[in-house]
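Asks: See run_1.cif below, with mmCIF, C-alpha atoms and all ligand atoms.
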```
data_model
#
loop_
_atom_site.label_atom_id
_atom_site.label_comp_id
_atom_site.auth_asym_id
_atom_site.auth_seq_id
_atom_site.Cartn_x
_atom_site.Cartn_y
_atom_site.Cartn_z
CA MET V 30 -82.44 171.28 10.70
CA LYS V 31 -78.82 170.53 11.14
CA LYS V 32 -76.80 171.21 8.19
CA SER V 33 -73.10 170.85 8.51
CA ILE V 34 -72.48 168.36 5.77
CA PHE V 35 -75.61 169.15 3.86
CA ILE V 36 -74.13 172.41 2.75
CA PHE V 37 -71.09 170.94 1.17
CA LEU V 38 -72.95 168.07 -0.36
CA LEU V 39 -75.53 170.25 -1.96
CA LEU V 40 -73.06 172.74 -3.26
CA THR V 41 -72.85 170.46 -6.23
CA PHE V 42 -76.49 171.17 -6.92
CA VAL V 43 -76.14 174.88 -6.70
CA LEU V 44 -75.15 175.52 -10.26
CA THR V 45 -77.95 173.44 -11.66
CA PHE V 46 -80.48 175.02 -9.33
CA THR V 47 -79.43 178.58 -9.79
CA ASN V 48 -80.84 178.97 -13.26
CA ALA V 49 -84.09 177.28 -12.38
CA CYS V 50 -84.55 179.45 -9.34
CA THR V 51 -84.62 182.97 -10.64
CA ILE V 52 -88.06 183.20 -9.08
CA TRP V 53 -86.36 183.34 -5.68
CA GLN V 54 -85.73 187.01 -5.70
CA SER V 55 -86.30 189.38 -2.82
CA VAL V 56 -89.78 190.82 -2.75
CA PRO V 57 -91.76 192.89 -0.30
CA GLY V 58 -93.30 190.86 2.50
CA SER V 59 -96.81 191.96 1.90
CA SER V 60 -99.01 193.50 -0.70
CA GLN V 61 -101.97 195.85 -0.92
CA THR V 62 -101.40 197.80 2.29
CA ASP V 63 -98.85 200.54 2.89
CA GLU V 64 -97.81 199.08 6.19
CA PRO V 65 -96.49 195.56 5.59
CA PHE V 66 -98.34 192.89 7.53
CA PRO V 67 -96.39 191.68 10.54
CA ILE V 68 -94.51 188.41 10.24
CA ILE V 69 -93.36 186.02 12.94
CA ASP V 70 -90.37 183.83 12.10
CA MET V 71 -91.06 180.73 14.17
CA HIS V 72 -87.82 179.01 13.27
CA MET V 73 -84.42 180.59 12.94
CA HIS V 74 -81.01 179.94 14.40
CA THR V 75 -78.55 182.19 16.14
CA PHE V 76 -75.50 180.57 14.65
CA GLN V 77 -71.97 181.94 14.77
CA TRP V 78 -70.91 183.48 11.47
CA ASN V 79 -68.26 180.75 11.03
CA LYS V 80 -70.27 177.76 12.23
CA TYR V 81 -69.79 176.04 8.90
CA GLY V 82 -66.28 177.23 8.20
CA GLU V 83 -64.19 180.24 7.23
CA PRO V 84 -65.08 181.69 4.86
CA PRO V 85 -68.70 180.65 5.25
CA PRO V 86 -70.04 178.38 2.52
CA PRO V 87 -72.47 179.69 -0.09
CA ASN V 88 -76.22 179.30 0.17
CA LEU V 89 -77.17 175.95 -1.32
CA ILE V 90 -79.71 177.38 -3.70
CA THR V 91 -78.43 180.81 -4.67
CA GLY V 92 -74.70 180.16 -4.38
CA ASN V 93 -74.24 183.46 -2.55
CA ILE V 94 -71.62 183.61 0.18
CA PRO V 95 -72.81 185.40 3.33
CA GLU V 96 -71.04 188.69 4.06
CA ALA V 97 -70.85 188.56 7.85
CA ARG V 98 -67.36 188.00 9.28
CA THR V 99 -68.18 188.52 12.92
CA ASN V 100 -71.00 187.29 15.13
CA ALA V 101 -72.24 190.85 15.54
CA GLU V 102 -72.43 191.22 11.76
CA ALA V 103 -74.32 187.93 11.50
CA ILE V 104 -76.93 189.19 13.95
CA GLU V 105 -77.13 192.56 12.22
CA ALA V 106 -77.64 190.92 8.85
CA TYR V 107 -80.62 188.94 10.06
CA MET V 108 -82.07 191.94 11.89
CA ALA V 109 -81.83 194.01 8.72
CA GLU V 110 -84.10 191.42 7.11
CA MET V 111 -86.45 191.64 10.11
CA ASP V 112 -86.74 195.38 9.53
CA ARG V 113 -87.11 195.05 5.78
CA PHE V 114 -89.99 192.56 5.98
CA ASN V 115 -91.61 193.70 9.21
CA ILE V 116 -90.69 190.54 11.10
CA VAL V 117 -91.94 191.58 14.50
CA LEU V 118 -90.81 188.49 16.35
CA ALA V 119 -88.27 185.73 15.75
CA VAL V 120 -88.05 182.41 17.56
CA GLY V 121 -84.43 181.33 17.47
CA SER V 122 -82.15 178.71 18.89
CA GLY V 123 -78.44 178.15 19.01
CA GLU V 124 -75.73 178.16 21.62
CA MET V 125 -76.46 180.23 24.71
CA GLU V 126 -73.75 182.77 24.01
CA MET V 127 -75.27 183.71 20.64
CA VAL V 128 -78.82 183.43 21.95
CA GLU V 129 -77.93 185.98 24.62
CA ALA V 130 -76.29 188.25 22.06
CA MET V 131 -79.41 188.11 19.91
CA GLN V 132 -81.60 188.79 22.92
CA LEU V 133 -79.59 191.89 23.70
CA SER V 134 -79.78 193.14 20.13
CA ALA V 135 -83.43 192.38 19.52
CA ALA V 136 -84.74 192.76 23.09
CA ASP V 137 -88.51 192.51 22.57
CA ARG V 138 -88.36 190.96 19.10
CA PHE V 139 -86.77 187.63 19.99
CA LEU V 140 -87.85 184.48 21.80
CA ALA V 141 -84.88 182.38 22.82
CA GLY V 142 -84.68 178.64 22.39
CA THR V 143 -82.04 176.03 23.02
CA GLU V 144 -81.10 173.53 20.36
CA PHE V 145 -80.31 169.99 21.49
CA PRO V 146 -78.80 167.43 21.48
CA ARG V 147 -75.42 168.79 20.46
CA PHE V 148 -72.51 166.81 19.10
CA THR V 149 -68.85 167.32 19.68
CA THR V 150 -66.29 167.13 16.90
CA PRO V 151 -64.50 165.35 15.33
CA VAL V 152 -67.22 163.39 13.67
CA ASN V 153 -65.61 159.98 14.15
CA LYS V 154 -65.41 160.46 17.91
CA ARG V 155 -68.45 162.61 18.41
CA LEU V 156 -70.21 162.73 21.74
CA GLU V 157 -73.84 163.59 22.32
CA GLN V 158 -74.53 166.39 24.75
CA TRP V 159 -77.91 166.79 26.42
CA PRO V 160 -78.88 169.78 28.54
CA ASN V 161 -79.15 169.22 32.26
CA ILE V 162 -82.82 169.31 33.31
CA ASP V 163 -82.23 171.39 36.42
CA GLU V 164 -80.18 173.90 34.47
CA LEU V 165 -82.89 174.10 31.81
CA ARG V 166 -85.54 174.64 34.45
CA ARG V 167 -83.48 177.48 35.87
CA LEU V 168 -83.12 179.09 32.43
CA TYR V 169 -86.89 178.96 31.82
CA GLU V 170 -87.86 180.08 35.29
CA SER V 171 -85.49 183.04 35.05
CA ASP V 172 -86.86 183.82 31.56
CA LYS V 173 -83.45 183.50 29.91
CA LEU V 174 -85.11 181.01 27.58
CA GLN V 175 -88.69 181.03 26.34
CA ILE V 176 -88.75 178.11 23.87
CA MET V 177 -87.62 174.49 24.17
CA GLY V 178 -85.77 173.40 21.05
CA GLU V 179 -85.24 173.06 18.27
CA ILE V 180 -85.02 169.47 19.54
CA THR V 181 -83.15 167.54 16.87
CA ALA V 182 -83.50 164.02 18.27
CA GLN V 183 -83.55 162.54 14.77
CA TYR V 184 -79.84 163.33 14.44
CA ALA V 185 -79.13 161.25 17.54
CA GLY V 186 -81.06 158.31 16.08
CA LEU V 187 -83.94 158.75 18.50
CA PRO V 188 -87.61 158.52 17.62
CA PRO V 189 -89.76 161.31 19.07
CA ASN V 190 -91.19 158.89 21.65
CA ASP V 191 -87.79 157.77 22.98
CA PRO V 192 -87.68 157.69 26.81
CA LYS V 193 -84.60 159.90 26.73
CA LEU V 194 -86.82 162.81 25.64
CA GLU V 195 -89.43 162.23 28.32
CA PRO V 196 -87.96 164.52 31.03
CA TYR V 197 -87.75 167.37 28.53
CA PHE V 198 -91.37 167.00 27.43
CA ALA V 199 -92.44 166.73 31.07
CA LEU V 200 -90.57 169.93 31.94
CA ALA V 201 -92.00 171.81 28.95
CA GLU V 202 -95.52 170.73 29.85
CA GLU V 203 -95.06 171.62 33.51
CA LEU V 204 -93.67 175.08 32.77
CA ASP V 205 -95.96 175.66 29.75
CA ILE V 206 -92.99 176.22 27.44
CA PRO V 207 -93.57 175.94 23.66
CA VAL V 208 -91.54 173.15 22.05
CA CYS V 209 -90.03 173.27 18.57
CA PHE V 210 -89.46 169.69 17.44
CA HIS V 211 -87.46 168.84 14.34
CA THR V 212 -89.31 166.46 12.04
CA GLY V 213 -89.07 165.29 8.48
CA PHE V 214 -85.79 165.15 6.71
CA GLY V 215 -82.15 166.09 6.96
CA PRO V 216 -79.12 166.49 4.76
CA PRO V 217 -78.93 163.70 2.17
CA MET V 218 -76.52 160.89 3.09
CA SER V 219 -76.39 162.05 6.72
CA PRO V 220 -75.69 158.59 8.18
CA TYR V 221 -72.53 158.37 6.08
CA MET V 222 -71.48 161.97 6.45
CA GLY V 223 -71.17 163.05 10.03
CA ASP V 224 -74.45 161.98 11.56
CA PRO V 225 -74.06 158.18 11.78
CA ASP V 226 -77.13 157.82 14.02
CA PHE V 227 -79.48 159.83 11.79
CA ARG V 228 -82.47 157.78 10.69
CA MET V 229 -84.96 159.02 8.14
CA ARG V 230 -87.81 156.99 9.65
CA TYR V 231 -87.52 158.89 12.93
CA GLY V 232 -88.53 162.07 11.15
CA ASN V 233 -92.07 160.72 11.01
CA PRO V 234 -94.24 163.16 13.00
CA LEU V 235 -96.80 160.48 13.80
CA LEU V 236 -94.23 158.97 16.18
CA LEU V 237 -95.12 161.88 18.48
CA GLU V 238 -98.54 160.38 19.12
CA ASP V 239 -97.76 158.65 22.42
CA VAL V 240 -96.00 161.79 23.66
CA LEU V 241 -99.13 163.84 22.96
CA VAL V 242 -101.37 161.34 24.72
CA LYS V 243 -99.08 161.31 27.74
CA HIS V 244 -98.65 165.10 27.74
CA PRO V 245 -101.98 166.55 26.62
CA ASN V 246 -101.01 170.08 27.60
CA LEU V 247 -97.69 170.10 25.77
CA ARG V 248 -97.50 173.05 23.39
CA ILE V 249 -95.54 171.58 20.53
CA TYR V 250 -94.97 172.45 16.90
CA ILE V 251 -93.33 170.26 14.35
CA ALA V 252 -90.63 171.81 12.22
CA HIS V 253 -90.17 171.69 8.46
CA GLY V 254 -93.80 170.73 7.84
CA GLY V 255 -93.02 167.12 8.65
CA TYR V 256 -91.80 166.93 5.07
CA PRO V 257 -92.00 164.56 3.25
CA PHE V 258 -94.37 162.68 5.59
CA ILE V 259 -97.53 164.39 4.35
CA GLU V 260 -100.00 161.67 5.32
CA GLU V 261 -98.53 161.23 8.78
CA THR V 262 -98.38 164.98 9.34
CA ILE V 263 -102.04 165.37 8.40
CA ALA V 264 -102.99 162.35 10.51
CA LEU V 265 -101.22 163.75 13.55
CA MET V 266 -102.65 167.24 13.17
CA LEU V 267 -106.19 166.07 12.45
CA MET V 268 -106.31 164.05 15.63
CA TYR V 269 -104.26 166.33 17.89
CA GLN V 270 -105.50 169.83 17.33
CA GLN V 271 -103.01 171.39 19.69
CA VAL V 272 -100.19 170.59 17.27
CA TYR V 273 -98.92 173.36 15.00
CA VAL V 274 -96.42 173.09 12.19
CA ASP V 275 -93.75 175.40 10.78
CA ILE V 276 -92.79 175.46 7.13
CA SER V 277 -89.19 176.48 7.62
CA ALA V 278 -86.41 175.25 5.32
CA ILE V 279 -88.82 173.48 2.94
CA ASN V 280 -89.94 176.91 1.74
CA TRP V 281 -86.52 177.68 0.27
CA LEU V 282 -84.79 174.29 -0.08
CA LEU V 283 -87.48 172.56 -2.11
CA THR V 284 -88.44 173.54 -5.62
CA PRO V 285 -91.30 176.04 -5.53
CA GLU V 286 -93.52 173.43 -7.18
CA GLU V 287 -92.79 170.80 -4.55
CA PHE V 288 -93.19 173.21 -1.66
CA HIS V 289 -96.45 174.58 -3.02
CA ALA V 290 -97.86 171.10 -3.63
CA TYR V 291 -97.01 170.14 -0.06
CA LEU V 292 -98.40 173.32 1.46
CA GLN V 293 -101.55 173.03 -0.61
CA GLN V 294 -102.20 169.54 0.75
CA LEU V 295 -101.91 170.84 4.29
CA MET V 296 -104.28 173.70 3.43
CA GLU V 297 -106.79 171.37 1.81
CA ALA V 298 -106.78 169.23 4.94
CA ARG V 299 -108.12 172.34 6.76
CA LEU V 300 -104.92 172.90 8.68
CA GLY V 301 -104.55 176.51 7.53
CA ASN V 302 -105.03 177.82 11.05
CA ARG V 303 -102.03 175.90 12.39
CA ILE V 304 -99.38 176.47 9.74
CA MET V 305 -96.70 178.94 10.82
CA PHE V 306 -94.08 180.81 8.85
CA GLY V 307 -90.43 180.11 9.56
CA THR V 308 -87.15 180.47 7.72
CA ASP V 309 -84.63 178.12 9.34
CA GLN V 310 -82.22 180.96 8.64
CA MET V 311 -78.78 179.77 9.73
CA ILE V 312 -76.00 181.88 8.22
CA TRP V 313 -77.73 183.01 5.03
CA PRO V 314 -79.98 185.99 5.71
CA GLU V 315 -81.22 185.90 2.10
CA THR V 316 -83.26 182.82 3.06
CA VAL V 317 -85.69 185.23 4.74
CA ALA V 318 -86.63 186.77 1.40
CA MET V 319 -86.68 183.35 -0.24
CA SER V 320 -89.06 182.01 2.40
CA ILE V 321 -91.38 184.99 1.98
CA GLU V 322 -91.35 184.69 -1.79
CA ALA V 323 -92.42 181.05 -1.42
CA ILE V 324 -95.61 182.27 0.29
CA GLU V 325 -96.15 185.28 -1.97
CA SER V 326 -95.92 183.09 -5.06
CA ALA V 327 -98.43 180.52 -3.73
CA LEU V 328 -101.37 181.48 -5.94
CA PHE V 329 -103.75 179.14 -4.13
CA LEU V 330 -103.48 181.17 -0.91
CA THR V 331 -105.83 184.07 -0.21
CA GLU V 332 -104.43 187.22 1.44
CA GLU V 333 -106.16 186.16 4.63
CA GLN V 334 -104.56 182.74 4.54
CA LYS V 335 -101.15 184.31 3.98
CA GLN V 336 -101.68 186.56 6.99
CA ASP V 337 -102.60 183.55 9.09
CA ILE V 338 -99.39 181.80 8.05
CA TYR V 339 -97.24 184.90 8.46
CA PHE V 340 -98.62 186.04 11.78
CA ASN V 341 -102.00 185.02 13.19
CA ASN V 342 -101.34 181.32 13.70
CA ALA V 343 -98.04 181.91 15.47
CA ALA V 344 -99.63 184.65 17.59
CA ASP V 345 -102.33 182.17 18.60
CA PHE V 346 -99.81 179.42 19.30
CA LEU V 347 -97.60 181.74 21.37
CA ARG V 348 -100.66 183.39 22.95
CA LEU V 349 -99.51 186.85 22.04
CA ASP V 350 -101.60 189.97 22.45
CA LYS V 351 -102.19 190.67 18.74
CA SER V 352 -103.22 194.24 19.42
CA ILE V 353 -99.59 195.07 20.17
CA TYR V 354 -98.66 194.21 16.59
CA LEU V 355 -101.94 195.02 14.85
CA PRO V 356 -103.20 198.20 16.47
CA GLY V 357 -106.95 198.57 16.20
CA SER V 358 -107.43 195.23 14.50
CA THR V 359 -108.89 193.48 17.51
CA GLU V 360 -111.57 196.12 18.07
CA TYR V 361 -114.81 196.83 16.21
CA VAL V 362 -118.23 198.37 16.78
CA ASP V 363 -121.18 195.96 16.78
CA GLU V 364 -124.71 196.62 15.49
CA SER V 365 -125.87 197.95 18.87
CA GLY V 366 -123.08 200.50 18.86
CA ALA V 367 -120.99 198.81 21.54
CA ARG V 368 -117.23 198.81 21.17
CA VAL V 369 -116.12 195.18 21.08
CA VAL V 370 -112.57 194.17 21.92
CA GLU V 371 -111.56 190.63 20.97
CA VAL V 372 -109.46 189.25 23.78
CA VAL V 373 -109.30 185.53 22.98
CA THR V 374 -109.72 184.20 19.45
CA SER V 375 -108.14 180.78 19.71
CA GLU V 376 -109.09 177.93 21.98
CA ILE V 377 -108.04 177.90 25.61
CA ARG V 378 -108.20 174.21 26.28
CA MET V 379 -108.10 172.64 29.70
CA ARG V 380 -109.11 169.14 28.89
CA PRO V 381 -107.87 167.08 30.66
CA ALA V 382 -106.87 169.34 33.51
CA GLU V 383 -105.86 169.22 37.12
CA PRO V 384 -107.51 171.36 39.78
CA GLY V 385 -105.70 174.66 39.91
CA ASP V 386 -104.60 174.67 36.27
CA GLN V 387 -105.07 178.13 34.85
CA GLU V 388 -104.57 180.29 31.81
CA THR V 389 -104.26 184.06 31.88
CA VAL V 390 -104.69 186.45 28.97
CA SER V 391 -103.59 190.09 29.13
CA PHE V 392 -105.06 192.86 27.04
CA ASN V 393 -105.15 196.62 26.89
CA LEU V 394 -108.28 198.74 27.11
CA GLN V 395 -109.06 202.38 26.54
CA LEU V 396 -112.07 203.10 28.70
CA GLY V 397 -112.48 206.85 28.14
CA GLY V 398 -116.19 207.70 28.31
CA VAL V 399 -117.38 204.13 28.87
CA THR V 400 -120.51 203.82 31.04
CA SER V 401 -121.03 200.06 31.10
CA THR V 402 -118.91 197.02 30.47
CA ALA V 403 -119.58 193.35 29.85
CA VAL V 404 -117.63 190.23 29.00
CA GLN V 405 -118.85 187.77 26.40
CA VAL V 406 -117.51 184.23 26.69
CA THR V 407 -117.97 181.37 24.24
CA GLY V 408 -117.06 177.93 25.43
CA TRP V 409 -118.18 174.43 26.17
CA ASP V 410 -117.96 171.66 28.69
CA ILE V 411 -119.64 168.31 28.52
CA ASP V 412 -120.80 167.45 32.01
CA ASP V 413 -123.32 170.12 32.97
CA ILE V 414 -121.28 171.20 35.95
CA SER V 415 -119.19 174.35 36.02
CA GLU V 416 -115.65 173.38 36.86
CA THR V 417 -114.36 176.69 35.66
CA ASP V 418 -113.67 179.88 37.52
CA LEU V 419 -113.38 183.14 35.67
CA LEU V 420 -111.34 185.97 37.15
CA ILE V 421 -111.01 189.45 35.75
CA ASN V 422 -108.11 191.37 37.23
CA GLY V 423 -108.05 188.81 40.02
CA LYS V 424 -111.73 189.22 40.90
CA GLU V 425 -113.97 186.18 40.54
CA ILE V 426 -116.85 186.56 38.08
CA GLU V 427 -119.75 184.12 38.12
CA LEU V 428 -119.76 182.11 34.91
CA PRO V 429 -123.37 181.21 33.95
CA GLN V 430 -124.25 177.52 33.88
CA GLY V 431 -125.38 177.78 30.27
CA ILE V 432 -121.83 177.58 29.08
CA VAL V 433 -121.19 174.15 30.54
CA ALA V 434 -124.17 172.20 29.32
CA ASP V 435 -122.92 170.21 26.36
CA VAL V 436 -120.42 169.88 23.59
CA ALA V 437 -121.98 172.59 21.45
CA PRO V 438 -120.30 175.91 22.20
CA LYS V 439 -122.52 178.44 23.98
CA THR V 440 -122.06 182.16 24.31
CA VAL V 441 -122.88 184.00 27.53
CA THR V 442 -122.73 187.72 28.19
CA ILE V 443 -121.99 188.85 31.73
CA ASP V 444 -122.42 192.45 32.79
CA LEU V 445 -119.54 193.68 34.89
CA GLU V 446 -119.58 195.93 37.91
CA GLU V 447 -117.99 199.31 37.56
CA GLY V 448 -114.29 199.16 38.31
CA THR V 449 -113.88 195.52 37.26
CA LEU V 450 -112.12 196.58 34.08
CA ILE V 451 -109.48 199.24 34.24
CA GLU V 452 -107.77 201.65 31.90
CA GLY V 453 -104.67 200.06 30.34
CA GLU V 454 -103.63 196.51 31.04
CA ASN V 455 -106.20 193.99 32.22
CA THR V 456 -106.11 190.25 32.74
CA ILE V 457 -108.62 187.46 32.36
CA THR V 458 -107.85 184.16 34.04
CA PHE V 459 -109.63 180.86 33.65
CA VAL V 460 -109.03 178.43 36.48
CA PHE V 461 -109.90 174.79 36.38
CA ALA V 462 -111.42 174.58 39.81
CA GLU V 463 -112.49 171.04 40.50
CA ALA V 464 -112.92 167.75 38.69
CA TYR V 465 -116.23 165.92 38.90
CA GLU V 466 -116.60 162.23 38.16
CA GLY V 467 -113.75 162.15 35.70
CA THR V 468 -115.38 164.34 33.07
CA THR V 469 -112.70 166.90 33.45
CA GLY V 470 -111.99 170.11 31.73
CA PHE V 471 -113.42 172.79 29.51
CA SER V 472 -112.71 174.84 26.45
CA ILE V 473 -113.00 178.56 26.00
CA LEU V 474 -113.16 179.44 22.33
CA ASP V 475 -113.72 183.16 22.30
CA VAL V 476 -113.74 186.07 24.75
CA ARG V 477 -114.83 189.61 23.93
CA ILE V 478 -115.14 192.74 26.01
CA LEU V 479 -118.18 194.94 25.31
CA LEU V 480 -117.84 198.64 26.07
CA ARG V 481 -120.79 201.03 25.89
CA ASP V 482 -120.50 204.78 25.98
ZN ZN X 501 -84.64 171.28 11.90
#
```
Transcribe the structure of this file into structure tokens.
Replies:
Amino acid sequence: MKKSIFIFLLLTFVLTFTNACTIWQSVPGSSQTDEPFPIIDMHMHTFQWNKYGEPPPPNLITGNIPEARTNAEAIEAYMAEMDRFNIVLAVGSGEMEMVEAMQLSAADRFLAGTEFPRFTTPVNKRLEQWPNIDELRRLYESDKLQIMGEITAQYAGLPPNDPKLEPYFALAEELDIPVCFHTGFGPPMSPYMGDPDFRMRYGNPLLLEDVLVKHPNLRIYIAHGGYPFIEETIALMLMYQQVYVDISAINWLLTPEEFHAYLQQLMEARLGNRIMFGTDQMIWPETVAMSIEAIESALFLTEEQKQDIYFNNAADFLRLDKSIYLPGSTEYVDESGARVVEVVTSEIRMRPAEPGDQETVSFNLQLGGVTSTAVQVTGWDIDDISETDLLINGKEIELPQGIVADVAPKTVTIDLEEGTLIEGENTITFVFAEAYEGTTGFSILDVRILLRD
């Protein structure tokens, strides 16, 4: 969300809100276990400490003025909250200089995004600035950036399906870069107060539909829950199951009642596996605690659902190796006594796909004492012909025909030759090999490794 004027406008509300919002106190990020459950912040910003003025303005809800007076202090303040709440990964965007500073400070706990379009000041002569596509490509290919966005097209008066955005979506799809797309609302009175092109109607997430049809492999999540477009958000996510949503900003800007009512509707629509935690932290690190409290105080959520929102859904969306953050959690012993390591737990979808498209998953194994190994794959394909190649550590493994018979998922277990799996890091790659008669693609839903001593 872009906030320049918002802040000042809503300052007037602060006093009235403050009393009503004593619930928004800092609390521990998790309950019941000693080790707090890991959290991924899918939406924060690496803003300069003085982005909104010197001294910085108070938080809209609490009225507290941030303490940071240098950019380094601003980064430190957010990172202190990461430590306090076990935020293991943050997805942030801002200007490159601050993104790079954050990357240096957080190294392996930060995924860097680029926010665009930007606007020059002063407001009455503002110019829109869009990143150069070739430069963006270079930044992604050199791994300086890992996320596209937050894309805030609404502030430029563009609907999500505007042709101006097309090259960016095409690039993200080509390079398999996750996209954070601003949806929903913005600072009240924006068109009169610094964002003359802002249009509320362009916050409607359903306007992404044509983009999703054109770019079926785009990995996109919509920011701010699509609020307040609940029906359109549900409609979009029901039909397009690759779309995830973050609940940033609405979890601390709205009243707890309004946020909970909104979140509950998303949950009741069975979207609980695609809702991701985010803060939209800008210059107020206390919004981290406020955002967590908004989940902790949601009595309709089970512990498991909270963990999905805090961590699992984002880990699925980003295709992270969960075992890095949840040691031991992806491994169990089955009834036959085999050690089972869960390698893939969310859908790998190549439908539609082009020949050569592939997805690789990395995972760690401890093989000490293992005498036999097998891989168990659950998936489906509708045309009775295997278009899928399976490679383990680069070696092709025959995928039984049973898995490609019909739409109902089938599970096959394939015994592996000795030496196929190795101690430490392994990879599994699915390659879409060849299209037959237009019935292209496949889905892999679940992959497990079976280890027998
Ligand atoms: Zn936003």
Asks: Could you check the closest approach to ligand ZN 501 (chain X) for each of V:Leu347, V:Leu204, V:Ile180, V:Ile457 and tell me which residue wins, using all atoms listed in the file?
Replies: V:Ile180
Asks: Could you work out how far CA of Glu144 (chain V) lies from CA of Arg166 (chain V), giving the answer in Å with one decimal?
Replies: 14.8 Å
Asks: Can you pull out every residue within 10 Å of Thr181 (chain V), counting all atoms listed in the file, but drop anything in the same chain fewer than 5 positions away, and send it as a VMD selection string?
Replies: chain V and resid 30 to 31 144 to 147 186 to 187 189 209 to 212 227 232 252
Asks: Take the residues that were just selected and, keeping C-alpha atoms, output them as a PDB file, in the coordinates of the input.
Replies:
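Output contents, as saved in part.pdb:
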```
ATOM      1  CA  MET V  30     -82.440 171.280  10.700  1.00  0.00           C
ATOM      2  CA  LYS V  31     -78.820 170.530  11.140  1.00  0.00           C
ATOM      3  CA  GLU V 144     -81.100 173.530  20.360  1.00  0.00           C
ATOM      4  CA  PHE V 145     -80.310 169.990  21.490  1.00  0.00           C
ATOM      5  CA  PRO V 146     -78.800 167.430  21.480  1.00  0.00           C
ATOM      6  CA  ARG V 147     -75.420 168.790  20.460  1.00  0.00           C
ATOM      7  CA  GLY V 186     -81.060 158.310  16.080  1.00  0.00           C
ATOM      8  CA  LEU V 187     -83.940 158.750  18.500  1.00  0.00           C
ATOM      9  CA  PRO V 189     -89.760 161.310  19.070  1.00  0.00           C
ATOM     10  CA  CYS V 209     -90.030 173.270  18.570  1.00  0.00           C
ATOM     11  CA  PHE V 210     -89.460 169.690  17.440  1.00  0.00           C
ATOM     12  CA  HIS V 211     -87.460 168.840  14.340  1.00  0.00           C
ATOM     13  CA  THR V 212     -89.310 166.460  12.040  1.00  0.00           C
ATOM     14  CA  PHE V 227     -79.480 159.830  11.790  1.00  0.00           C
ATOM     15  CA  GLY V 232     -88.530 162.070  11.150  1.00  0.00           C
ATOM     16  CA  ALA V 252     -90.630 171.810  12.220  1.00  0.00           C
TER      17      ALA V 252
END
```
Asks: Please compute the CA of Gly178 (chain V)-CA of Gly254 (chain V) distance, one decimal, in Å.
Replies: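 CA of Gly254 (chain V) lies 15.7 Å from CA of Gly178 (chain V).
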Asks: For a test of reading the model, state the distance in Å between CA of Asp137 (chain V) and CA of Met311 (chain V), rounded to one decimal.
Replies: 20.5 Å
Asks: Could you list as a PyMOL selection string every residue that has an atom within 12 Å of (-77.5, 160.8, 22.6), using the file's coordinates and counting only C-alpha atoms?
Replies: chain V and resi 145-149+155-160+180-188+191-194+224-227
Asks: For region 181-263 of chain V versus region 281-292 of chain V, which residues have an atom no more than 10 Å away, and what is each residue's nearest atom pair and distance in Å rounded to one decimal, using all atoms listed in the file, chain-then-number order, as a Markdown table?
Replies:
```
| residue | atom | partner | partner_atom | distance |
| --- | --- | --- | --- | --- |
| V:Gly254 | CA | V:Leu292 | CA | 8.3 |
| V:Tyr256 | CA | V:Tyr291 | CA | 8.0 |
| V:Pro257 | CA | V:Tyr291 | CA | 8.2 |
| V:Phe258 | CA | V:Tyr291 | CA | 9.7 |
| V:Ile259 | CA | V:Tyr291 | CA | 7.3 |
```
Asks: Using only C-alpha atoms and all ligand atoms, which of the listed residues (V:Tyr107, V:Phe392, V:Phe214, V:Phe198) sits closest to ligand ZN 501 (chain X)?
Replies: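 Among the listed residues, the smallest separation from ligand ZN 501 (chain X) belongs to V:Phe214.
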Asks: Using only C-alpha atoms, determine which residues lie at most 6 Å from region 119-131 of chain V, disregarding the query and same-chain residues fewer than 6 positions distant; provide the list as a ChimeraX atom specification.
Replies: /V:69-76,139-144
Asks: Go ahead and write the residues just picked, C-alpha atoms, as a tab-separated table (two decimals), in the frame of the given file.
Replies:
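Wrote it out as part-v1.tsv, contents follow:
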```
chain	number	residue	atom	x	y	z
V	69	ILE	CA	-93.36	186.02	12.94
V	70	ASP	CA	-90.37	183.83	12.10
V	71	MET	CA	-91.06	180.73	14.17
V	72	HIS	CA	-87.82	179.01	13.27
V	73	MET	CA	-84.42	180.59	12.94
V	74	HIS	CA	-81.01	179.94	14.40
V	75	THR	CA	-78.55	182.19	16.14
V	76	PHE	CA	-75.50	180.57	14.65
V	139	PHE	CA	-86.77	187.63	19.99
V	140	LEU	CA	-87.85	184.48	21.80
V	141	ALA	CA	-84.88	182.38	22.82
V	142	GLY	CA	-84.68	178.64	22.39
V	143	THR	CA	-82.04	176.03	23.02
V	144	GLU	CA	-81.10	173.53	20.36
```
Asks: Would you please work out which residue, of V:Val117, V:Glu447, V:Leu394, V:Ser365, is nearest to Leu349 (chain V) when using only C-alpha atoms?
Replies: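 Looking at the shortest contact to Leu349 (chain V), the residue is V:Val117.
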Asks: Using only C-alpha atoms, pick whichever of V:Leu450, V:Val404, V:Ala109, V:Ile68 has the shortest atom-to-atom distance to Pro429 (chain V).
Replies: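 Residue with the minimum atom-to-atom distance to Pro429 (chain V): V:Val404.
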Asks: Fewer than 6 positions away in the same chain doesn't count, so skip those; otherwise give me all residues within 8 Å of region 96-99 of chain V, counting all atoms listed in the file, as a ChimeraX atom specification.
Replies: /V:77-79,106
